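J.: This is the structure I have questions about; it appears just below.
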Amino acid sequence: MSTLILGIESSCDETSAAIVADGNRVLSNVINSQIDLHKIYGGVVPEIASRKHIENISYVVDEALKQAQINFNDLSAIAVTYGPGLVGALLVGVSYAKALAYALDKPLIPIHHIRGHITANAIANPDIRPPFICLVASGGHSHIVRIDDYTHFKVLARTRDDAAGEAFDKIARVLGLGYPGGPKIDNLAKEGTKDAINFPRVQMAEGSLDFSFSGVKTAVINYLHKAEQAHQTINKADVAASFQDAVCEALCTHTLEAARRENLSTITLAGGVACNSRLREMMDGLCKNNSLRLCYPPPILCTDNGAMIAAAGYFSFLNKDFAGLDLNAVPNLPL
Ligand code: KG4
Ligand code: ZN
């Protein structure tokens, strides 16, 4: 008999519920995105996000069960993101999952959001086996992680300032492209030249693999200000392509170096920025040249979704890593 996990995700601006069988078969993955609601404000408004999660949560859970053609009693456990994220948003998912676990008398499984992103790789490529390296790049995180099994990680590098997705979003805003910025820059960059402007690539001292994106972000903003003051026309596509290349180069070279140091031959990608077409292309080329295997989930499993939480929940279920009904949302939960 299959282990059926309901995964609930509400850490930011997506309300999502999914049913995953045995950690990798997605029976349903219902995602209600609030992007249209937040984009007029240029970013996520926490209070609006919480209210919308409350309106949506019952619907997405019911729909996930319906699409999977199962009912509540068929579930093996309920997995939920309990951090990191917006506290009000997280609380909606956590409270709902707790109530469900209590009413159904089923185990409650607490999931770290980033562990969910990483485990999307178990769905996309069930044949890859840890240990491997994962580059996690999202709106709130940029980490290089060593995965020894799907419940144990070692953080090898992190960002010292902005997350990669945050830098994409900020530069899109100054270019007037709107929110969320990553996909907009990705598209516009296809019409530009990546070597048009030489934005800086930051190297940390003492062989650290940590990232820093504030330098490249400031360089882009300064470039735009100078051009404006000199009344020069700006080629936005060239700016987008050159900025994107600088960020992708840092992400790729540090990740490859981490694989070399750890003596691992598989690299995976996770998080919203893993949708980026230039990142995938650059990483693909580098991995081929270095005889490394590269895996990444399809875009729908890279951005926030319930299936990744259910998949992570499966591995916790095997370990009996359950939470009590005193589980709380932890907005700054460390990895
Ligand atoms: O993982 P995610 O959905 O949410 C967080 O956990 O943060 O990631 C969202 C981030 C946003 O910053 C968004 O701009 C970025 O992922 N993103 C992209 C692309 N698609 C989404 N960044 C670059 N290129 C993309 N194609
Ligand atoms: Zn995320």
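Residue numbering restarts at 1 in every chain; chains get A, B, ... in the order shown in the structure tokens, and ligands count up from 1 in that same order.
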Using only C-alpha atoms, which residues sit within 9 Å of Ile5 in chain A once same-chain residues fewer than 4 positions away are excluded, as a list in words?
T.: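 Once the adjacent positions are removed, what remains is Ala18, Ile19, Val20, Ala21, Asp22, Gly23, Leu75, Ser76, Ala77, Ile78, Ala79, Ala310, Ala311, Gly313, Tyr314 and Phe317 of chain A.
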J.: Within 6 Å of ligand 2, counting only C-alpha atoms and all ligand atoms, which protein or nucleic acid residues do you find, written as a ChimeraX atom specification?
T.: /A:138,271,303-304
J.: Residues as selected, all heavy atoms, written as a compact mmCIF listing (two decimals), in the first residue's frame, can you do that?
T.:
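File produced: part_17.txt:
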# COMPACT_ATOMS: atom_id res chain seq x y z
N SER A 138 16.40 31.08 -4.11
CA SER A 138 14.99 31.49 -4.13
C SER A 138 14.90 32.97 -3.81
O SER A 138 15.90 33.68 -3.80
CB SER A 138 14.20 30.66 -3.12
OG SER A 138 14.55 31.07 -1.82
N GLY A 271 14.55 25.85 -5.88
CA GLY A 271 14.08 27.22 -5.59
C GLY A 271 13.68 27.95 -6.87
O GLY A 271 14.02 27.53 -7.98
N THR A 303 9.27 26.75 -8.10
CA THR A 303 8.63 27.80 -7.30
C THR A 303 7.78 27.12 -6.22
O THR A 303 7.62 25.89 -6.22
CB THR A 303 7.78 28.72 -8.21
OG1 THR A 303 7.01 27.91 -9.07
CG2 THR A 303 8.66 29.62 -9.05
N ASP A 304 7.24 27.92 -5.30
CA ASP A 304 6.59 27.33 -4.12
C ASP A 304 5.40 26.44 -4.50
O ASP A 304 4.54 26.83 -5.29
CB ASP A 304 6.13 28.44 -3.17
CG ASP A 304 7.31 29.16 -2.54
OD1 ASP A 304 8.44 28.67 -2.68
OD2 ASP A 304 7.09 30.20 -1.90
J.: With distances taken over only C-alpha atoms, which of A:Met283, A:Leu65, A:Ile54, A:Ala189 is nearest to Ala89 in chain A?
T.: A:Ile54
J.: Write out as a VMD selection string all residues of range 28-254 of chain A that DSSP puts in alpha helix (DSSP H) for this structure's backbone.
T.: chain A and resid 35 to 38 46 to 68 87 to 104 113 to 124 164 to 174 181 to 189 214 to 229 236 to 254
J.: Keeping only C-alpha atoms, write those residues as a compact mmCIF listing (two decimals), in the first residue's frame.
T.:
# COMPACT_ATOMS: atom_id res chain seq x y z
CA ILE A 35 0.95 37.20 -7.63
CA ASP A 36 -1.74 39.22 -9.46
CA LEU A 37 -2.94 40.60 -6.14
CA HIS A 38 0.49 41.72 -4.91
CA PRO A 46 2.15 40.24 4.34
CA GLU A 47 -1.29 41.16 5.68
CA ILE A 48 -2.97 40.63 2.31
CA ALA A 49 -1.11 37.32 1.91
CA SER A 50 -2.39 36.01 5.28
CA ARG A 51 -5.98 36.98 4.52
CA LYS A 52 -5.88 35.33 1.11
CA HIS A 53 -4.36 32.13 2.55
CA ILE A 54 -7.31 31.94 4.96
CA GLU A 55 -9.75 32.29 2.07
CA ASN A 56 -7.96 29.73 -0.10
CA ILE A 57 -6.69 26.99 2.20
CA SER A 58 -9.83 24.82 2.46
CA TYR A 59 -10.39 25.04 -1.26
CA VAL A 60 -6.85 23.96 -2.24
CA VAL A 61 -6.85 21.04 0.22
CA ASP A 62 -10.27 19.80 -0.93
CA GLU A 63 -9.24 20.18 -4.56
CA ALA A 64 -5.96 18.29 -3.96
CA LEU A 65 -7.89 15.34 -2.51
CA LYS A 66 -10.44 15.46 -5.31
CA GLN A 67 -7.82 15.51 -8.07
CA ALA A 68 -5.93 12.66 -6.41
CA VAL A 87 4.64 34.55 10.14
CA GLY A 88 0.98 35.31 9.41
CA ALA A 89 1.10 33.34 6.18
CA LEU A 90 2.83 30.35 7.80
CA LEU A 91 0.32 30.33 10.67
CA VAL A 92 -2.57 29.71 8.28
CA GLY A 93 -1.03 26.50 6.92
CA VAL A 94 0.25 25.36 10.33
CA SER A 95 -3.11 25.94 12.07
CA TYR A 96 -5.00 24.19 9.30
CA ALA A 97 -2.63 21.20 9.30
CA LYS A 98 -2.81 20.91 13.10
CA ALA A 99 -6.61 20.97 13.07
CA LEU A 100 -6.66 18.33 10.34
CA ALA A 101 -4.14 16.09 12.10
CA TYR A 102 -6.15 16.32 15.33
CA ALA A 103 -9.52 15.70 13.68
CA LEU A 104 -8.25 12.76 11.60
CA HIS A 113 10.56 25.29 3.46
CA ILE A 114 14.07 24.98 1.99
CA ARG A 115 14.14 21.24 2.68
CA GLY A 116 10.94 21.14 0.61
CA HIS A 117 12.62 22.96 -2.29
CA ILE A 118 15.56 20.54 -2.20
CA THR A 119 13.27 17.47 -2.10
CA ALA A 120 11.52 18.58 -5.32
CA ASN A 121 14.54 16.87 -6.89
CA ALA A 122 13.40 13.49 -5.49
CA ILE A 123 10.16 13.92 -7.45
CA ALA A 124 11.81 15.07 -10.66
CA ALA A 164 19.68 35.75 -5.69
CA GLY A 165 15.92 36.04 -6.27
CA GLU A 166 15.78 39.19 -4.19
CA ALA A 167 18.48 40.74 -6.44
CA PHE A 168 16.49 39.73 -9.55
CA ASP A 169 13.35 41.30 -8.07
CA LYS A 170 15.11 44.55 -7.11
CA ILE A 171 16.79 45.02 -10.48
CA ALA A 172 13.51 44.28 -12.28
CA ARG A 173 11.90 46.99 -10.17
CA VAL A 174 14.53 49.63 -11.06
CA GLY A 181 11.28 40.20 -11.36
CA GLY A 182 13.06 36.91 -12.05
CA PRO A 183 10.89 35.70 -14.94
CA LYS A 184 10.74 39.23 -16.43
CA ILE A 185 14.54 39.61 -16.46
CA ASP A 186 14.89 36.07 -17.81
CA ASN A 187 12.61 36.92 -20.77
CA LEU A 188 14.02 40.37 -21.49
CA ALA A 189 17.62 39.07 -21.30
CA SER A 214 24.65 43.59 -3.18
CA GLY A 215 27.75 44.68 -5.21
CA VAL A 216 26.30 43.72 -8.58
CA LYS A 217 22.95 45.20 -7.58
CA THR A 218 24.56 48.56 -6.68
CA ALA A 219 26.64 48.48 -9.88
CA VAL A 220 23.48 48.11 -11.99
CA ILE A 221 21.71 50.92 -10.11
CA ASN A 222 24.78 53.22 -10.51
CA TYR A 223 25.00 52.38 -14.21
CA LEU A 224 21.34 53.33 -14.68
CA HIS A 225 21.72 56.59 -12.69
CA LYS A 226 24.81 57.66 -14.65
CA ALA A 227 23.14 56.93 -17.98
CA GLU A 228 20.07 58.89 -16.87
CA GLN A 229 22.13 61.90 -15.78
CA LYS A 236 17.27 47.46 -20.86
CA ALA A 237 17.69 44.07 -22.52
CA ASP A 238 21.51 44.44 -22.40
CA VAL A 239 21.34 45.47 -18.72
CA ALA A 240 19.09 42.48 -17.93
CA ALA A 241 21.34 40.02 -19.83
CA SER A 242 24.58 41.36 -18.33
CA PHE A 243 23.18 41.44 -14.78
CA GLN A 244 21.73 37.94 -15.14
CA ASP A 245 25.05 36.60 -16.38
CA ALA A 246 26.95 38.08 -13.44
CA VAL A 247 24.53 36.46 -10.94
CA CYS A 248 24.47 33.11 -12.76
CA GLU A 249 28.26 33.00 -13.03
CA ALA A 250 28.64 33.40 -9.26
CA LEU A 251 25.97 30.76 -8.59
CA CYS A 252 27.53 28.28 -11.03
CA THR A 253 31.23 28.67 -10.24
CA HIS A 254 30.71 28.45 -6.46
J.: Which residue out of A:Ile234, A:Asn29, A:Glu262, A:Arg129 has the minimum interatomic distance to Lys154 in chain A when only C-alpha atoms are used?
T.: A:Glu262
J.: Select, from A:Asn332, A:Asn198, A:Ser265, A:Ser11, the residue with the minimum atom-to-atom distance to ligand 1, counting only C-alpha atoms and all ligand atoms.
T.: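 Looking only at the distances to ligand 1, the closest residue turns out to be A:Ser11.
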J.: Can you pull out the residues contacting Ala258 in chain A? Cut-off 9 Å, using only C-alpha atoms, and skip same-chain residues under 5 positions away; I want them as a PyMOL selection string.
T.: chain A and resi 133+144-146+156-157+209+253+263-264
J.: Export all heavy atoms of the chosen residues as a PDB file, in the first residue's frame?
T.:
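Saved result, part.pdb, follows:
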ATOM      1  N   ILE A 133      25.227  17.626  -4.283  1.00  0.00           N
ATOM      2  CA  ILE A 133      25.252  19.067  -3.970  1.00  0.00           C
ATOM      3  C   ILE A 133      23.952  19.678  -4.475  1.00  0.00           C
ATOM      4  O   ILE A 133      23.471  19.310  -5.546  1.00  0.00           O
ATOM      5  CB  ILE A 133      26.452  19.745  -4.686  1.00  0.00           C
ATOM      6  CG1 ILE A 133      27.782  19.226  -4.145  1.00  0.00           C
ATOM      7  CG2 ILE A 133      26.374  21.270  -4.604  1.00  0.00           C
ATOM      8  CD1 ILE A 133      28.153  19.691  -2.760  1.00  0.00           C
ATOM      9  N   ILE A 144      24.426  26.850  -0.826  1.00  0.00           N
ATOM     10  CA  ILE A 144      24.938  25.620  -1.427  1.00  0.00           C
ATOM     11  C   ILE A 144      24.929  24.594  -0.300  1.00  0.00           C
ATOM     12  O   ILE A 144      25.458  24.853   0.791  1.00  0.00           O
ATOM     13  CB  ILE A 144      26.361  25.787  -1.991  1.00  0.00           C
ATOM     14  CG1 ILE A 144      26.372  26.886  -3.063  1.00  0.00           C
ATOM     15  CG2 ILE A 144      26.843  24.460  -2.586  1.00  0.00           C
ATOM     16  CD1 ILE A 144      27.767  27.241  -3.563  1.00  0.00           C
ATOM     17  N   VAL A 145      24.283  23.470  -0.554  1.00  0.00           N
ATOM     18  CA  VAL A 145      24.045  22.496   0.500  1.00  0.00           C
ATOM     19  C   VAL A 145      24.545  21.128   0.061  1.00  0.00           C
ATOM     20  O   VAL A 145      24.417  20.758  -1.109  1.00  0.00           O
ATOM     21  CB  VAL A 145      22.515  22.424   0.790  1.00  0.00           C
ATOM     22  CG1 VAL A 145      22.223  21.495   1.950  1.00  0.00           C
ATOM     23  CG2 VAL A 145      21.953  23.807   1.090  1.00  0.00           C
ATOM     24  N   ARG A 146      25.119  20.386   1.002  1.00  0.00           N
ATOM     25  CA  ARG A 146      25.450  18.987   0.740  1.00  0.00           C
ATOM     26  C   ARG A 146      24.319  18.143   1.323  1.00  0.00           C
ATOM     27  O   ARG A 146      23.986  18.284   2.515  1.00  0.00           O
ATOM     28  CB  ARG A 146      26.785  18.643   1.423  1.00  0.00           C
ATOM     29  CG  ARG A 146      27.183  17.193   1.250  1.00  0.00           C
ATOM     30  CD  ARG A 146      28.354  16.803   2.158  1.00  0.00           C
ATOM     31  NE  ARG A 146      28.417  15.349   2.208  1.00  0.00           N
ATOM     32  CZ  ARG A 146      29.337  14.618   1.587  1.00  0.00           C
ATOM     33  NH1 ARG A 146      30.314  15.190   0.930  1.00  0.00           N
ATOM     34  NH2 ARG A 146      29.281  13.303   1.663  1.00  0.00           N
ATOM     35  N   LEU A 156      27.107  24.525   2.957  1.00  0.00           N
ATOM     36  CA  LEU A 156      28.499  24.795   2.583  1.00  0.00           C
ATOM     37  C   LEU A 156      28.729  26.273   2.292  1.00  0.00           C
ATOM     38  O   LEU A 156      29.845  26.765   2.397  1.00  0.00           O
ATOM     39  CB  LEU A 156      28.881  23.974   1.336  1.00  0.00           C
ATOM     40  CG  LEU A 156      28.679  22.461   1.450  1.00  0.00           C
ATOM     41  CD1 LEU A 156      28.923  21.797   0.104  1.00  0.00           C
ATOM     42  CD2 LEU A 156      29.611  21.875   2.506  1.00  0.00           C
ATOM     43  N   ALA A 157      27.674  26.965   1.867  1.00  0.00           N
ATOM     44  CA  ALA A 157      27.799  28.398   1.550  1.00  0.00           C
ATOM     45  C   ALA A 157      26.428  29.044   1.633  1.00  0.00           C
ATOM     46  O   ALA A 157      25.406  28.374   1.459  1.00  0.00           O
ATOM     47  CB  ALA A 157      28.376  28.578   0.154  1.00  0.00           C
ATOM     48  N   LEU A 209      33.013  30.049  -0.120  1.00  0.00           N
ATOM     49  CA  LEU A 209      32.096  29.868  -1.252  1.00  0.00           C
ATOM     50  C   LEU A 209      30.825  30.710  -1.091  1.00  0.00           C
ATOM     51  O   LEU A 209      29.880  30.573  -1.857  1.00  0.00           O
ATOM     52  CB  LEU A 209      31.738  28.393  -1.404  1.00  0.00           C
ATOM     53  CG  LEU A 209      32.905  27.483  -1.805  1.00  0.00           C
ATOM     54  CD1 LEU A 209      32.456  26.022  -1.834  1.00  0.00           C
ATOM     55  CD2 LEU A 209      33.471  27.883  -3.154  1.00  0.00           C
ATOM     56  N   THR A 253      29.827  28.980 -10.568  1.00  0.00           N
ATOM     57  CA  THR A 253      31.228  28.673 -10.244  1.00  0.00           C
ATOM     58  C   THR A 253      31.367  28.222  -8.780  1.00  0.00           C
ATOM     59  O   THR A 253      32.095  27.270  -8.501  1.00  0.00           O
ATOM     60  CB  THR A 253      32.180  29.869 -10.516  1.00  0.00           C
ATOM     61  OG1 THR A 253      31.636  31.018  -9.866  1.00  0.00           O
ATOM     62  CG2 THR A 253      32.307  30.155 -11.992  1.00  0.00           C
ATOM     63  N   ASN A 263      34.036  16.323  -3.356  1.00  0.00           N
ATOM     64  CA  ASN A 263      34.260  15.122  -4.161  1.00  0.00           C
ATOM     65  C   ASN A 263      32.937  14.433  -4.538  1.00  0.00           C
ATOM     66  O   ASN A 263      32.815  13.217  -4.445  1.00  0.00           O
ATOM     67  CB  ASN A 263      35.193  14.173  -3.391  1.00  0.00           C
ATOM     68  CG  ASN A 263      35.867  13.186  -4.311  1.00  0.00           C
ATOM     69  OD1 ASN A 263      35.916  13.424  -5.526  1.00  0.00           O
ATOM     70  ND2 ASN A 263      36.333  12.076  -3.767  1.00  0.00           N
ATOM     71  N   LEU A 264      31.973  15.234  -4.952  1.00  0.00           N
ATOM     72  CA  LEU A 264      30.661  14.704  -5.355  1.00  0.00           C
ATOM     73  C   LEU A 264      30.440  14.974  -6.846  1.00  0.00           C
ATOM     74  O   LEU A 264      30.877  15.995  -7.372  1.00  0.00           O
ATOM     75  CB  LEU A 264      29.545  15.350  -4.528  1.00  0.00           C
ATOM     76  CG  LEU A 264      29.564  15.026  -3.030  1.00  0.00           C
ATOM     77  CD1 LEU A 264      28.455  15.773  -2.303  1.00  0.00           C
ATOM     78  CD2 LEU A 264      29.417  13.521  -2.799  1.00  0.00           C
TER      79      LEU A 264
END
J.: So which one's closest to His152 in chain A, A:His112, A:Val202, A:Glu9, A:Gly178? Using only C-alpha atoms, please.
T.: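 Result for the nearest residue to His152 in chain A: A:His112.
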